[in-house]
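Asks: The following file, my_file_21.pdb, comprises PDB, C-alpha atoms:
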```pdb
ATOM      1  CA  MET A 105     121.443  87.898 113.715
ATOM      2  CA  PRO A 106     121.237  88.929 110.032
ATOM      3  CA  ASP A 107     118.421  87.570 107.881
ATOM      4  CA  PRO A 108     119.771  84.401 106.191
ATOM      5  CA  PHE A 109     117.523  85.057 103.176
ATOM      6  CA  PRO A 110     117.465  88.825 102.640
ATOM      7  CA  THR A 111     115.053  90.114 100.035
ATOM      8  CA  PRO A 112     116.858  91.005  96.817
ATOM      9  CA  PHE A 113     116.352  94.455  95.268
ATOM     10  CA  SER A 114     113.942  92.817  92.785
ATOM     11  CA  THR A 115     112.152  89.498  93.167
ATOM     12  CA  LEU A 116     111.764  89.155  89.382
ATOM     13  CA  SER A 117     111.831  85.423  88.726
ATOM     14  CA  HIS A 118     111.105  85.035  85.009
ATOM     15  CA  LEU A 119     109.117  86.248  82.032
ATOM     16  CA  GLU A 120     106.018  84.400  80.903
ATOM     17  CA  CYS A 121     104.312  84.224  77.517
ATOM     18  CA  SER A 122     100.916  85.900  77.844
ATOM     19  CA  ARG A 123      99.403  83.449  75.372
ATOM     20  CA  GLU A 124     101.003  80.097  76.193
ATOM     21  CA  ALA A 125     102.266  80.684  79.778
ATOM     22  CA  THR A 126     105.696  79.335  78.818
ATOM     23  CA  PRO A 127     108.550  80.654  80.969
ATOM     24  CA  HIS A 128     111.402  82.720  79.508
ATOM     25  CA  ASP A 129     114.681  83.995  80.921
ATOM     26  CA  ALA A 130     114.241  87.437  82.498
ATOM     27  CA  ASP A 131     117.925  88.231  81.918
ATOM     28  CA  VAL A 132     117.612  88.015  78.119
ATOM     29  CA  VAL A 133     116.387  91.166  76.370
ATOM     30  CA  GLN A 134     113.205  90.183  74.557
ATOM     31  CA  GLY A 135     109.789  91.723  74.036
ATOM     32  CA  THR A 136     107.646  88.920  72.703
ATOM     33  CA  SER A 137     107.609  85.152  72.909
ATOM     34  CA  PRO A 138     108.223  82.887  69.907
ATOM     35  CA  ALA A 139     104.399  82.822  69.617
ATOM     36  CA  GLY A 140     104.499  86.596  69.046
ATOM     37  CA  ALA A 141     102.750  87.376  72.341
ATOM     38  CA  PRO A 142     103.921  89.922  74.937
ATOM     39  CA  LEU A 143     106.029  88.612  77.799
ATOM     40  CA  LEU A 144     104.794  89.294  81.319
ATOM     41  CA  ALA A 145     107.147  89.857  84.257
ATOM     42  CA  ARG A 146     106.634  87.361  87.082
ATOM     43  CA  TYR A 147     107.827  87.863  90.661
ATOM     44  CA  ASP A 148     108.346  85.759  93.787
ATOM     45  CA  LEU A 149     105.435  87.395  95.617
ATOM     46  CA  ASP A 150     105.544  84.897  98.497
ATOM     47  CA  ARG A 151     109.065  86.056  99.268
ATOM     48  CA  VAL A 152     107.952  89.692  99.239
ATOM     49  CA  ARG A 153     104.944  88.873 101.424
ATOM     50  CA  HIS A 154     107.153  87.217 104.039
ATOM     51  CA  THR A 155     110.073  89.655 104.030
ATOM     52  CA  VAL A 156     108.729  93.162 103.374
ATOM     53  CA  THR A 157     106.265  94.989 105.601
ATOM     54  CA  ARG A 158     103.856  97.818 104.824
ATOM     55  CA  THR A 159     105.657  99.889 107.457
ATOM     56  CA  GLU A 160     108.980  99.373 105.693
ATOM     57  CA  ILE A 161     107.528 100.415 102.333
ATOM     58  CA  ALA A 162     105.815 103.456 103.870
ATOM     59  CA  SER A 163     109.128 104.576 105.402
ATOM     60  CA  ARG A 164     110.877 104.678 102.025
ATOM     61  CA  ALA A 165     111.240 107.734  99.788
ATOM     62  CA  PRO A 166     107.941 108.647  98.095
ATOM     63  CA  SER A 167     108.731 107.412  94.601
ATOM     64  CA  LEU A 168     108.011 104.480  92.352
ATOM     65  CA  TRP A 169     111.198 102.836  93.626
ATOM     66  CA  ARG A 170     109.740 102.308  97.100
ATOM     67  CA  TYR A 171     108.218  99.195  95.483
ATOM     68  CA  HIS A 172     111.517  97.942  94.040
ATOM     69  CA  GLU A 173     110.916  94.330  95.052
ATOM     70  CA  VAL A 174     108.180  94.128  92.400
ATOM     71  CA  LEU A 175     109.924  96.096  89.660
ATOM     72  CA  PRO A 176     112.132  94.414  87.020
ATOM     73  CA  VAL A 177     115.444  96.110  87.905
ATOM     74  CA  ARG A 178     117.721  93.713  89.775
ATOM     75  CA  ASP A 179     120.556  96.130  90.607
ATOM     76  CA  PRO A 180     119.921  99.529  92.266
ATOM     77  CA  ALA A 181     122.815 100.919  90.201
ATOM     78  CA  HIS A 182     120.539 100.613  87.150
ATOM     79  CA  VAL A 183     117.631 102.608  88.573
ATOM     80  CA  VAL A 184     116.537 105.448  86.294
ATOM     81  CA  THR A 185     114.146 108.133  87.446
ATOM     82  CA  MET A 186     112.490 111.183  85.929
ATOM     83  CA  GLY A 187     111.670 112.657  89.325
ATOM     84  CA  GLU A 188     108.318 110.945  89.478
ATOM     85  CA  GLY A 189     106.586 111.157  92.827
ATOM     86  CA  MET A 190     103.612 109.612  94.459
ATOM     87  CA  THR A 191     100.285 110.053  92.699
ATOM     88  CA  PRO A 192      97.248 110.345  94.951
ATOM     89  CA  LEU A 193      94.539 107.742  95.438
ATOM     90  CA  LEU A 194      91.165 109.460  95.410
ATOM     91  CA  PRO A 195      88.091 107.882  97.004
ATOM     92  CA  LEU A 196      85.139 107.358  94.656
ATOM     93  CA  ALA A 197      82.468 106.828  97.321
ATOM     94  CA  ARG A 198      79.370 107.482  95.183
ATOM     95  CA  ALA A 199      80.541 105.347  92.236
ATOM     96  CA  GLY A 200      81.735 102.702  94.687
ATOM     97  CA  ARG A 201      78.324 102.485  96.351
ATOM     98  CA  ARG A 202      76.657 102.174  92.948
ATOM     99  CA  LEU A 203      79.038  99.355  91.961
ATOM    100  CA  GLY A 204      78.985  97.599  95.334
ATOM    101  CA  LEU A 205      82.625  98.535  95.944
ATOM    102  CA  PRO A 206      82.615 100.608  99.137
ATOM    103  CA  ASN A 207      86.381 101.249  99.104
ATOM    104  CA  LEU A 208      86.765 102.116  95.408
ATOM    105  CA  LEU A 209      89.782 104.336  94.719
ATOM    106  CA  LEU A 210      91.060 106.107  91.597
ATOM    107  CA  LYS A 211      94.802 106.590  91.068
ATOM    108  CA  ASP A 212      95.299 110.082  89.653
ATOM    109  CA  GLU A 213      98.206 109.782  87.238
ATOM    110  CA  GLY A 214      97.903 113.422  86.133
ATOM    111  CA  LEU A 215     100.921 114.313  88.311
ATOM    112  CA  VAL A 216     103.322 111.963  86.508
ATOM    113  CA  PRO A 217     105.891 113.851  84.396
TER     114      PRO A 217
END
```
Any chance you could give the structure as structure tokens?
Replies:
Amino acid sequence: MPDPFPTPFSTLSHLECSREATPHDADVVQGTSPAGAPLLARYDLDRVRHTVTRTEIASRAPSLWRYHEVLPVRDPAHVVTMGEGMTPLLPLARAGRRLGLPNLLLKDEGLVP
């Protein structure tokens, strides 16, 4: 039986003023709120949590778009890529111990075009 509530390509729900937390339409091109503050993208993370598994994400192509549910592009026909790939997560054991963060990782963005 097909899922009655399939996860959309993006779970973008709205934009939110970073200063006043007022909601704004995500389908209207805009960069700042009337208060002059940046707009933050907000997503239906509960829907993602209940419909997408780590295994499913890991099985996707190794690109930024494997995380499409939490990216602000609603239609896969509008995906643009520059051939970016996966950037490694490097363990920082010594710094992590010093900071009390035993699983501290650094994302090495030096491979991004």
Asks: Take the PyMOL selection byres ((chain A and resi 110-122) around 10), apply it to the structure above, and return the hits as a PDB file with C-alpha atoms, in the frame of the given file.
Replies:
```
ATOM      1  CA  PRO A 106     121.237  88.929 110.032  1.00  0.00           C
ATOM      2  CA  ASP A 107     118.421  87.570 107.881  1.00  0.00           C
ATOM      3  CA  PRO A 108     119.771  84.401 106.191  1.00  0.00           C
ATOM      4  CA  PHE A 109     117.523  85.057 103.176  1.00  0.00           C
ATOM      5  CA  ARG A 123      99.403  83.449  75.372  1.00  0.00           C
ATOM      6  CA  GLU A 124     101.003  80.097  76.193  1.00  0.00           C
ATOM      7  CA  ALA A 125     102.266  80.684  79.778  1.00  0.00           C
ATOM      8  CA  THR A 126     105.696  79.335  78.818  1.00  0.00           C
ATOM      9  CA  PRO A 127     108.550  80.654  80.969  1.00  0.00           C
ATOM     10  CA  HIS A 128     111.402  82.720  79.508  1.00  0.00           C
ATOM     11  CA  ASP A 129     114.681  83.995  80.921  1.00  0.00           C
ATOM     12  CA  ALA A 130     114.241  87.437  82.498  1.00  0.00           C
ATOM     13  CA  ASP A 131     117.925  88.231  81.918  1.00  0.00           C
ATOM     14  CA  VAL A 132     117.612  88.015  78.119  1.00  0.00           C
ATOM     15  CA  GLN A 134     113.205  90.183  74.557  1.00  0.00           C
ATOM     16  CA  GLY A 135     109.789  91.723  74.036  1.00  0.00           C
ATOM     17  CA  THR A 136     107.646  88.920  72.703  1.00  0.00           C
ATOM     18  CA  SER A 137     107.609  85.152  72.909  1.00  0.00           C
ATOM     19  CA  PRO A 138     108.223  82.887  69.907  1.00  0.00           C
ATOM     20  CA  ALA A 139     104.399  82.822  69.617  1.00  0.00           C
ATOM     21  CA  GLY A 140     104.499  86.596  69.046  1.00  0.00           C
ATOM     22  CA  ALA A 141     102.750  87.376  72.341  1.00  0.00           C
ATOM     23  CA  PRO A 142     103.921  89.922  74.937  1.00  0.00           C
ATOM     24  CA  LEU A 143     106.029  88.612  77.799  1.00  0.00           C
ATOM     25  CA  LEU A 144     104.794  89.294  81.319  1.00  0.00           C
ATOM     26  CA  ALA A 145     107.147  89.857  84.257  1.00  0.00           C
ATOM     27  CA  ARG A 146     106.634  87.361  87.082  1.00  0.00           C
ATOM     28  CA  TYR A 147     107.827  87.863  90.661  1.00  0.00           C
ATOM     29  CA  ASP A 148     108.346  85.759  93.787  1.00  0.00           C
ATOM     30  CA  LEU A 149     105.435  87.395  95.617  1.00  0.00           C
ATOM     31  CA  ASP A 150     105.544  84.897  98.497  1.00  0.00           C
ATOM     32  CA  ARG A 151     109.065  86.056  99.268  1.00  0.00           C
ATOM     33  CA  VAL A 152     107.952  89.692  99.239  1.00  0.00           C
ATOM     34  CA  HIS A 154     107.153  87.217 104.039  1.00  0.00           C
ATOM     35  CA  THR A 155     110.073  89.655 104.030  1.00  0.00           C
ATOM     36  CA  VAL A 156     108.729  93.162 103.374  1.00  0.00           C
ATOM     37  CA  TRP A 169     111.198 102.836  93.626  1.00  0.00           C
ATOM     38  CA  TYR A 171     108.218  99.195  95.483  1.00  0.00           C
ATOM     39  CA  HIS A 172     111.517  97.942  94.040  1.00  0.00           C
ATOM     40  CA  GLU A 173     110.916  94.330  95.052  1.00  0.00           C
ATOM     41  CA  VAL A 174     108.180  94.128  92.400  1.00  0.00           C
ATOM     42  CA  LEU A 175     109.924  96.096  89.660  1.00  0.00           C
ATOM     43  CA  PRO A 176     112.132  94.414  87.020  1.00  0.00           C
ATOM     44  CA  VAL A 177     115.444  96.110  87.905  1.00  0.00           C
ATOM     45  CA  ARG A 178     117.721  93.713  89.775  1.00  0.00           C
ATOM     46  CA  ASP A 179     120.556  96.130  90.607  1.00  0.00           C
ATOM     47  CA  PRO A 180     119.921  99.529  92.266  1.00  0.00           C
TER      48      PRO A 180
END
```
Asks: To one decimal place, how far is CA of Gly204 (chain A) from CA of Arg153 (chain A) in Å?
Replies: 28.1 Å
Asks: Kindly give the distance, in Å, that separates CA of Ser167 (chain A) and CA of Glu188 (chain A), rounded to a single decimal.
Replies: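 Interatomic distance here is 6.2 Å.
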Asks: One number please: CA of Asp212 (chain A) to CA of Arg170 (chain A), in Å, one decimal.
Replies: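 Calculated distance between CA of Asp212 (chain A) and CA of Arg170 (chain A) is 18.0 Å.
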Asks: Tell me which of A:Val183, A:Leu196, A:Val133, A:Met190 sits closest to Glu213 (chain A), counting all atoms listed in the file.
Replies: A:Met190
Asks: Please write the residues picked by the PyMOL selection byres ((chain A and resi 191) around 12) on this file as a list in words.
Replies: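 Taken on the displayed file, the PyMOL selection byres ((chain A and resi 191) around 12) yields the residues Pro166, Ser167, Leu168, Glu188, Gly189, Met190, Pro192, Leu193, Leu194, Leu210, Lys211, Asp212, Glu213, Gly214, Leu215, Val216 and Pro217 of chain A.
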Asks: Complete region 190-207 of chain A at the level of N, CA and C atoms, written as a JSON list (two decimals), keeping the file's coordinate frame.
Replies:
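Final output, saved to result.json:
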```json
[["chain", "number", "residue", "atom", "x", "y", "z"],
["A", 190, "MET", "N", 104.78, 110.41, 94.15],
["A", 190, "MET", "CA", 103.61, 109.61, 94.46],
["A", 190, "MET", "C", 102.38, 110.29, 93.87],
["A", 191, "THR", "N", 101.54, 109.52, 93.22],
["A", 191, "THR", "CA", 100.28, 110.05, 92.70],
["A", 191, "THR", "C", 99.19, 109.69, 93.69],
["A", 192, "PRO", "N", 98.25, 110.59, 93.91],
["A", 192, "PRO", "CA", 97.25, 110.34, 94.95],
["A", 192, "PRO", "C", 96.21, 109.30, 94.56],
["A", 193, "LEU", "N", 95.69, 108.63, 95.59],
["A", 193, "LEU", "CA", 94.54, 107.74, 95.44],
["A", 193, "LEU", "C", 93.33, 108.52, 95.93],
["A", 194, "LEU", "N", 92.34, 108.67, 95.08],
["A", 194, "LEU", "CA", 91.16, 109.46, 95.41],
["A", 194, "LEU", "C", 89.97, 108.54, 95.64],
["A", 195, "PRO", "N", 89.26, 108.72, 96.75],
["A", 195, "PRO", "CA", 88.09, 107.88, 97.00],
["A", 195, "PRO", "C", 86.95, 108.22, 96.04],
["A", 196, "LEU", "N", 86.30, 107.20, 95.53],
["A", 196, "LEU", "CA", 85.14, 107.36, 94.66],
["A", 196, "LEU", "C", 83.92, 106.75, 95.36],
["A", 197, "ALA", "N", 83.51, 107.38, 96.45],
["A", 197, "ALA", "CA", 82.47, 106.83, 97.32],
["A", 197, "ALA", "C", 81.15, 106.60, 96.58],
["A", 198, "ARG", "N", 80.67, 107.61, 95.85],
["A", 198, "ARG", "CA", 79.37, 107.48, 95.18],
["A", 198, "ARG", "C", 79.40, 106.38, 94.11],
["A", 199, "ALA", "N", 80.42, 106.39, 93.26],
["A", 199, "ALA", "CA", 80.54, 105.35, 92.24],
["A", 199, "ALA", "C", 80.74, 103.98, 92.89],
["A", 200, "GLY", "N", 81.51, 103.95, 93.97],
["A", 200, "GLY", "CA", 81.74, 102.70, 94.69],
["A", 200, "GLY", "C", 80.45, 102.11, 95.25],
["A", 201, "ARG", "N", 79.61, 102.97, 95.83],
["A", 201, "ARG", "CA", 78.32, 102.48, 96.35],
["A", 201, "ARG", "C", 77.47, 101.91, 95.22],
["A", 202, "ARG", "N", 77.45, 102.61, 94.10],
["A", 202, "ARG", "CA", 76.66, 102.17, 92.95],
["A", 202, "ARG", "C", 77.14, 100.82, 92.42],
["A", 203, "LEU", "N", 78.45, 100.59, 92.48],
["A", 203, "LEU", "CA", 79.04, 99.36, 91.96],
["A", 203, "LEU", "C", 79.17, 98.26, 93.02],
["A", 204, "GLY", "N", 78.81, 98.58, 94.26],
["A", 204, "GLY", "CA", 78.98, 97.60, 95.33],
["A", 204, "GLY", "C", 80.43, 97.46, 95.77],
["A", 205, "LEU", "N", 81.21, 98.52, 95.56],
["A", 205, "LEU", "CA", 82.62, 98.54, 95.94],
["A", 205, "LEU", "C", 82.84, 99.70, 96.91],
["A", 206, "PRO", "N", 82.60, 99.49, 98.19],
["A", 206, "PRO", "CA", 82.62, 100.61, 99.14],
["A", 206, "PRO", "C", 83.96, 101.30, 99.30],
["A", 207, "ASN", "N", 85.04, 100.66, 98.94],
["A", 207, "ASN", "CA", 86.38, 101.25, 99.10],
["A", 207, "ASN", "C", 87.04, 101.55, 97.76]]
```
